[in-house]
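K.L.:
The structure under discussion is supplied below as structure tokens; questions concerning it will follow.
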Amino acid sequence: MGNQEGLPAGDGEEQRDAEAGAEAAGDSAAPSRRAPKQRSFWKELPILIGIALILALVIKTFFVQAFSIPSGSMENTLQVGDRVLVDKLTPWFGSEPERGEVVVFKDPGGWLNDEPTQRSDNSFVRGVQDVFSFIGLMPSSDEKDLIKRVIAVGGDTVECQGSGPVKVNGVALDEPYIFPGNTPCGEKPFGPVNVPKGRLWVMGDHRGNSLDSRYHMDQPGGGTVPVDNVVGRAFVVAWPIGDWATLPVPDTFDQKGLAAAGPLAPTMAGTALAAPAVWWVRRRRR
């Protein structure tokens, strides 16, 4: 039998050791992997500002917007110069204003014909205000919106005779929010007025200094405001800090019987009367 050709004993191990040494040498000679270079703060700043502006614009468009109080028509609930935050989200889900809420709404037509816009004479200040109002951080200098309290909604009957009180569907309102010294009717008794569906009857808390629904009864809509004109509900006074306050619905609007009888009322009443009758007939049959 011939001898088998091959490496001498021990040569295989020496070869493997040599190859391992070569790999180690290659690894040490290869350039080390560098950590990713961080982006400069000044390069990231414009991106962060852009994202912040987009978020602010989305919030203003769909959620919350700031408005400035230009007159004393809502004193003492709101003071001239107060900044209120307005909830713009709930109307997107079909929610309509309710009695007692303080709402911001667009001019129905002819309510603000003589009101000047509040623009600064300084072009730089105007530019800054336009930018910040665009993203919702400041009220617009050109805004022609109004802010009043909802007294009656579509389907209600509202009136105020003599010195008051205001009555909604025959129920008298206790209005502690009225400006001290004012009467509920102010100098303008009215009604009874039937508020059309989809519209609102609004009044200022300073009844002696508010050109509200009472003063526009000769215009289309009879002084009422379309629900579609409502921008949103004012829910908090955000500025100045000393005037900070929430704007809840007063308890007087929770009175029983205040809501007008809706189209479901006869059906519900009929059901309530029919149930005992059906029970009595079944009992008799048994």
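Going by the structure tokens order, chains are called A, B, ..., each with residues numbered from 1, while ligands are numbered from 1 in the order shown.
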List every residue of stretch 61-261 of chain A that DSSP, applied to the backbone of this structure, places in alpha helix (DSSP H), and write the result as a PyMOL selection string.

P.N.:
chain A and resi 61-62+123-134

K.L.:
Residues at most 8 Å from stretch 227-236 of chain A, counting only C-alpha atoms, excluding those fewer than 4 positions away in the same chain, as a VMD selection string?

P.N.:
chain A and resid 84 to 91 96 to 97 101 to 108 198 to 200 244 to 248

K.L.:
Running DSSP on the backbone, which parts of stretch 140-261 of chain A land in strand (DSSP E or B), as an MDAnalysis selection string?

P.N.:
chainID A and resid 145:153 157:160 166:168 171:172 190:194 199:203 225:226 230:239 245:246

K.L.:
Filtering to C-alpha atoms, could you give me those residues as a PDB file, in the first residue's frame?

P.N.:
ATOM      1  CA  ASP A 145     -66.248  89.049  14.286  1.00  0.00           C
ATOM      2  CA  LEU A 146     -68.579  89.625  17.225  1.00  0.00           C
ATOM      3  CA  ILE A 147     -68.910  88.011  20.635  1.00  0.00           C
ATOM      4  CA  LYS A 148     -72.223  87.719  22.502  1.00  0.00           C
ATOM      5  CA  ARG A 149     -74.133  85.349  24.771  1.00  0.00           C
ATOM      6  CA  VAL A 150     -76.649  82.927  23.281  1.00  0.00           C
ATOM      7  CA  ILE A 151     -80.034  83.568  24.925  1.00  0.00           C
ATOM      8  CA  ALA A 152     -82.325  81.486  22.710  1.00  0.00           C
ATOM      9  CA  VAL A 153     -81.873  78.872  19.995  1.00  0.00           C
ATOM     10  CA  THR A 157     -89.705  82.050  21.856  1.00  0.00           C
ATOM     11  CA  VAL A 158     -87.858  84.909  23.558  1.00  0.00           C
ATOM     12  CA  GLU A 159     -89.108  88.235  24.910  1.00  0.00           C
ATOM     13  CA  CYS A 160     -88.341  91.032  27.346  1.00  0.00           C
ATOM     14  CA  VAL A 166     -85.918  88.090  29.766  1.00  0.00           C
ATOM     15  CA  LYS A 167     -88.170  85.085  29.203  1.00  0.00           C
ATOM     16  CA  VAL A 168     -87.374  82.051  27.075  1.00  0.00           C
ATOM     17  CA  VAL A 171     -89.487  80.867  31.735  1.00  0.00           C
ATOM     18  CA  ALA A 172     -87.869  83.927  33.373  1.00  0.00           C
ATOM     19  CA  PHE A 190     -88.666  93.297  22.497  1.00  0.00           C
ATOM     20  CA  GLY A 191     -90.751  90.309  21.589  1.00  0.00           C
ATOM     21  CA  PRO A 192     -92.100  87.862  21.732  1.00  0.00           C
ATOM     22  CA  VAL A 193     -89.781  86.641  18.957  1.00  0.00           C
ATOM     23  CA  ASN A 194     -89.924  83.153  17.491  1.00  0.00           C
ATOM     24  CA  ARG A 199     -80.544  80.526  14.063  1.00  0.00           C
ATOM     25  CA  LEU A 200     -79.696  82.124  17.430  1.00  0.00           C
ATOM     26  CA  TRP A 201     -80.869  85.085  19.502  1.00  0.00           C
ATOM     27  CA  VAL A 202     -77.812  86.724  21.090  1.00  0.00           C
ATOM     28  CA  MET A 203     -77.381  89.531  23.615  1.00  0.00           C
ATOM     29  CA  VAL A 225     -77.720  84.923  13.779  1.00  0.00           C
ATOM     30  CA  PRO A 226     -77.248  81.850  11.529  1.00  0.00           C
ATOM     31  CA  VAL A 230     -70.608  80.782  14.585  1.00  0.00           C
ATOM     32  CA  VAL A 231     -66.826  80.402  14.729  1.00  0.00           C
ATOM     33  CA  GLY A 232     -66.861  78.675  18.107  1.00  0.00           C
ATOM     34  CA  ARG A 233     -67.529  78.941  21.815  1.00  0.00           C
ATOM     35  CA  ALA A 234     -65.333  81.156  24.018  1.00  0.00           C
ATOM     36  CA  PHE A 235     -64.382  78.973  26.970  1.00  0.00           C
ATOM     37  CA  VAL A 236     -61.622  80.865  28.806  1.00  0.00           C
ATOM     38  CA  VAL A 237     -60.145  84.346  29.234  1.00  0.00           C
ATOM     39  CA  ALA A 238     -56.452  83.685  28.625  1.00  0.00           C
ATOM     40  CA  TRP A 239     -54.968  87.194  28.801  1.00  0.00           C
ATOM     41  CA  ALA A 245     -61.385  83.053  34.076  1.00  0.00           C
ATOM     42  CA  THR A 246     -63.444  80.251  32.586  1.00  0.00           C
TER      43      THR A 246
END

K.L.:
From the list A:Gly162, A:Pro70, A:Gly204, A:Gly170, which residue is nearest A:Lys144 when using only C-alpha atoms?

P.N.:
A:Pro70

K.L.:
So that I can see what lies close to stretch 214-218 of chain A, please list as a ChimeraX atom specification the residues with an atom at most 8 Å from it, counting only C-alpha atoms and leaving out residues fewer than 4 positions away in the same chain.

P.N.:
/A:111,188-190,203,222-224
